[in-house]
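Here the structure comes first, spelled out in structure tokens, and everything after it is commentary.
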2 protein chains.
Amino acid sequence: MEANLLAAHLPTQLPPDLADGVFPAGCPSRTVLDHITSKWGVLILVALSEGEHRWSELRRRAEGISEKMLAQTLKTLERDGLVLRTARPVIPPHVDYSLTERGYELTALLVPLVAWAYDNAGDILNGWR
Amino acid sequence: MEANLLAAHLPTQLPPDLADGVFPAGCPSRTVLDHITSKWGVLILVALSEGEHRWSELRRRAEGISEKMLAQTLKTLERDGLVLRTARPVIPPHVDYSLTERGYELTALLVPLVAWAYDNAGDILNGWR
């Protein structure tokens with residue numbers, strides 16, 4: 001599988017300066033990491049990697065998300081400059097969500113992770129028994 | 001930066017069969033994704049990518065983690081076959097934690113993500129103002 005193949009070619013250790021920056025409790029990258037690895041954040045970003053979505057489409061796609069959580073997740077991702085919100089002045093008016101350039105860059109790193117989870121979920125859950 | 005360079009070469013979309021498997025609420029890959037993208041899960045896995053750690057070392061490394069959360073996170077990662085727990089029968093006895101092969105494979109995908117968060121945190125947080 002692609003993600004596994006990829007894993008063999010990536011650095012498996014964090015460079016020392018990065019490690020120093022990521023682990024302290026107050027560091028900004030921790031806040032960012034929390035946003036981009038949030039349960040719904042990952043699913044919304046990956047859904048948007050397939051192209052622009054309306055609110056209602058995202059609601060259906062990320063099965064189980066509440067209106068409140070979808071609103072909160074989109075607001076955080078928009079604030080982080082990862083998602084673009086476009087209000088379409090058509091009749092009836094609607095709002096579209098898409099990835100920004102930064103969002104695409106990040107999603108390219110999330111997709112292999114999601115693919116890995118998909119590939120390994122069976123083995124992992126079997127191991128619980 | 002390495003992670004950005006990498007992003008340009010990775011698929012940015014999830015293959016259709018994967019997308020079908022990841023979004024439904026009850027799918028196993030969602031459970032696995034929740035574990036491997038949990039706030040503390042990511043930091044512990046990345047810390048262990050630097051090599052074996054004792055409990056107390058992990059506690060210090062993932063600044064701000066409580067005893068309870070560290071125990072819970074390690075238990076989940078161990079159950080998922082990502083982390084190996086080794087009790088050393090020395091005096092005084094202690095327990096070491098390390099990555100399994102599967103854990104290394106996963107961590108290779110997490111490290112670029114953490115590196116991206118580190119590289120982009122400044123820009124993202126500046127954008128909030």
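Labeling convention for the structure tokens: chains A, B, ... as they appear, residues from 1 per chain, ligands from 1 in order of appearance.
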Neighbour list for Glu63 in chain A as a PyMOL selection string, cut-off 8 Å, only C-alpha atoms, skip fewer than 6 positions in-chain: chain B and resi 23-25
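The residue set within 8 Å of Thr107 in chain A, counting only C-alpha atoms and dropping same-chain residues fewer than 4 places from it, reads Leu45, Val46, Ser49, Gly103 and Val111 of chain A; Thr12 of chain B.
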Residues just named, written with N, CA and C atoms as a PDB file, in the first residue's frame:
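Okay, this is what ended up in part_26.pdb:
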ATOM      1  N   LEU A  45     -11.004  18.227   6.606  1.00  0.00           N
ATOM      2  CA  LEU A  45      -9.909  18.561   5.689  1.00  0.00           C
ATOM      3  C   LEU A  45      -9.804  17.519   4.573  1.00  0.00           C
ATOM      4  N   VAL A  46      -9.915  16.249   4.949  1.00  0.00           N
ATOM      5  CA  VAL A  46      -9.801  15.187   3.950  1.00  0.00           C
ATOM      6  C   VAL A  46     -10.999  15.231   2.990  1.00  0.00           C
ATOM      7  N   SER A  49     -10.400  17.843   0.500  1.00  0.00           N
ATOM      8  CA  SER A  49      -9.341  17.530  -0.473  1.00  0.00           C
ATOM      9  C   SER A  49      -9.953  16.982  -1.757  1.00  0.00           C
ATOM     10  N   GLY A 103      -4.030  24.810   3.221  1.00  0.00           N
ATOM     11  CA  GLY A 103      -4.870  23.651   3.537  1.00  0.00           C
ATOM     12  C   GLY A 103      -4.516  22.441   2.679  1.00  0.00           C
ATOM     13  N   VAL A 111      -3.631  12.844   4.302  1.00  0.00           N
ATOM     14  CA  VAL A 111      -4.196  11.747   3.514  1.00  0.00           C
ATOM     15  C   VAL A 111      -3.428  10.427   3.726  1.00  0.00           C
TER      16      VAL A 111
ATOM     17  N   THR B  12      -2.948  14.154  -3.007  1.00  0.00           N
ATOM     18  CA  THR B  12      -3.700  15.051  -2.136  1.00  0.00           C
ATOM     19  C   THR B  12      -5.140  14.593  -1.973  1.00  0.00           C
TER      20      THR B  12
END
DSSP helix (DSSP H, G or I) residues within range 18-119 of chain B, as a PyMOL selection string: chain B and resi 18-22+28-36+39-48+55-61+67-79+101-119
Can you pull out every residue within 8 Å of Val95 in chain B, counting only C-alpha atoms, but drop anything in the same chain fewer than 3 positions away, and send it as a PDB file with C-alpha atoms, in the first residue's frame?
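Result went into result-v7.pdb, see below:
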ATOM      1  CA  ARG B  54      11.057   5.300  30.644  1.00  0.00           C
ATOM      2  CA  TRP B  55       7.738   6.359  32.110  1.00  0.00           C
ATOM      3  CA  ARG B  85       6.046  -2.133  27.169  1.00  0.00           C
ATOM      4  CA  THR B  86       9.094  -3.901  28.623  1.00  0.00           C
ATOM      5  CA  ALA B  87       9.443  -4.480  32.357  1.00  0.00           C
ATOM      6  CA  ARG B  88      13.144  -4.591  33.292  1.00  0.00           C
TER       7      ARG B  88
END
For Leu113 in chain B: contacts at 8 Å, only C-alpha atoms, fewer than 2 positions along chain excluded, given as a PyMOL selection string: (chain A and resi 106+109-110) or (chain B and resi 3+109-111+115-117)
Given only C-alpha atoms as the counted atoms, nearest of A:Gly41, A:Pro28, A:Gly51, A:Pro92 to chain B: A:Pro28
All strand (DSSP E) positions in range 22-113 of chain A, as a PyMOL selection string: chain A and resi 53-54+83-88+94-99
Of the listed residues B:Glu52, B:Glu101, B:Asp80, B:Glu67, that which approaches Trp128 in chain A most closely, counting only C-alpha atoms: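 Result for the nearest residue to Trp128 in chain A: B:Asp80.
Close contacts of Leu48 in chain A, defined as residues with an atom at most 8 Å away when counting only C-alpha atoms, with chain neighbours fewer than 4 positions off set aside, comprise A:Ile44, A:Glu52, A:His53, A:Tyr97, A:Ser98, A:Leu99.
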Got time to write the residues from that selection, all heavy atoms, as a PDB file, in the first residue's frame?
ATOM      1  N   ILE A  44     -12.882  16.669   8.020  1.00  0.00           N
ATOM      2  CA  ILE A  44     -13.331  17.797   7.191  1.00  0.00           C
ATOM      3  C   ILE A  44     -12.251  18.163   6.168  1.00  0.00           C
ATOM      4  O   ILE A  44     -12.545  18.366   4.977  1.00  0.00           O
ATOM      5  CB  ILE A  44     -13.673  19.023   8.082  1.00  0.00           C
ATOM      6  CG1 ILE A  44     -14.876  18.719   8.996  1.00  0.00           C
ATOM      7  CG2 ILE A  44     -13.926  20.272   7.240  1.00  0.00           C
ATOM      8  CD1 ILE A  44     -16.163  18.403   8.275  1.00  0.00           C
ATOM      9  N   GLU A  52     -14.489  21.463  -3.409  1.00  0.00           N
ATOM     10  CA  GLU A  52     -15.397  22.351  -2.689  1.00  0.00           C
ATOM     11  C   GLU A  52     -16.628  21.593  -2.185  1.00  0.00           C
ATOM     12  O   GLU A  52     -17.147  20.722  -2.879  1.00  0.00           O
ATOM     13  CB  GLU A  52     -15.831  23.434  -3.682  1.00  0.00           C
ATOM     14  CG  GLU A  52     -16.399  24.666  -3.072  1.00  0.00           C
ATOM     15  CD  GLU A  52     -16.567  25.760  -4.136  1.00  0.00           C
ATOM     16  OE1 GLU A  52     -17.449  25.602  -5.011  1.00  0.00           O
ATOM     17  OE2 GLU A  52     -15.823  26.746  -4.092  1.00  0.00           O
ATOM     18  N   HIS A  53     -17.068  21.909  -0.990  1.00  0.00           N
ATOM     19  CA  HIS A  53     -18.274  21.290  -0.420  1.00  0.00           C
ATOM     20  C   HIS A  53     -19.167  22.377   0.174  1.00  0.00           C
ATOM     21  O   HIS A  53     -18.672  23.378   0.698  1.00  0.00           O
ATOM     22  CB  HIS A  53     -17.908  20.338   0.719  1.00  0.00           C
ATOM     23  CG  HIS A  53     -17.444  18.989   0.281  1.00  0.00           C
ATOM     24  ND1 HIS A  53     -16.287  18.802  -0.422  1.00  0.00           N
ATOM     25  CD2 HIS A  53     -17.978  17.736   0.473  1.00  0.00           C
ATOM     26  CE1 HIS A  53     -16.122  17.491  -0.646  1.00  0.00           C
ATOM     27  NE2 HIS A  53     -17.129  16.833  -0.120  1.00  0.00           N
ATOM     28  N   TYR A  97     -17.290  25.740   1.001  1.00  0.00           N
ATOM     29  CA  TYR A  97     -16.025  25.630   1.725  1.00  0.00           C
ATOM     30  C   TYR A  97     -15.015  24.918   0.837  1.00  0.00           C
ATOM     31  O   TYR A  97     -15.359  23.928   0.181  1.00  0.00           O
ATOM     32  CB  TYR A  97     -16.218  24.866   3.037  1.00  0.00           C
ATOM     33  CG  TYR A  97     -17.097  25.622   3.996  1.00  0.00           C
ATOM     34  CD1 TYR A  97     -18.472  25.430   3.991  1.00  0.00           C
ATOM     35  CD2 TYR A  97     -16.558  26.545   4.879  1.00  0.00           C
ATOM     36  CE1 TYR A  97     -19.299  26.145   4.859  1.00  0.00           C
ATOM     37  CE2 TYR A  97     -17.368  27.261   5.741  1.00  0.00           C
ATOM     38  CZ  TYR A  97     -18.732  27.054   5.728  1.00  0.00           C
ATOM     39  OH  TYR A  97     -19.536  27.772   6.579  1.00  0.00           O
ATOM     40  N   SER A  98     -13.804  25.431   0.835  1.00  0.00           N
ATOM     41  CA  SER A  98     -12.738  24.798   0.049  1.00  0.00           C
ATOM     42  C   SER A  98     -11.419  24.944   0.794  1.00  0.00           C
ATOM     43  O   SER A  98     -11.317  25.683   1.773  1.00  0.00           O
ATOM     44  CB  SER A  98     -12.645  25.444  -1.336  1.00  0.00           C
ATOM     45  OG  SER A  98     -12.445  26.842  -1.196  1.00  0.00           O
ATOM     46  N   LEU A  99     -10.410  24.221   0.337  1.00  0.00           N
ATOM     47  CA  LEU A  99      -9.092  24.316   0.957  1.00  0.00           C
ATOM     48  C   LEU A  99      -8.329  25.517   0.406  1.00  0.00           C
ATOM     49  O   LEU A  99      -8.417  25.819  -0.788  1.00  0.00           O
ATOM     50  CB  LEU A  99      -8.275  23.045   0.685  1.00  0.00           C
ATOM     51  CG  LEU A  99      -8.738  21.753   1.346  1.00  0.00           C
ATOM     52  CD1 LEU A  99      -7.794  20.608   0.964  1.00  0.00           C
ATOM     53  CD2 LEU A  99      -8.804  21.898   2.863  1.00  0.00           C
TER      54      LEU A  99
END
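The coordinates place CA of Arg79 in chain A at 27.1 Å from CA of Thr31 in chain B.
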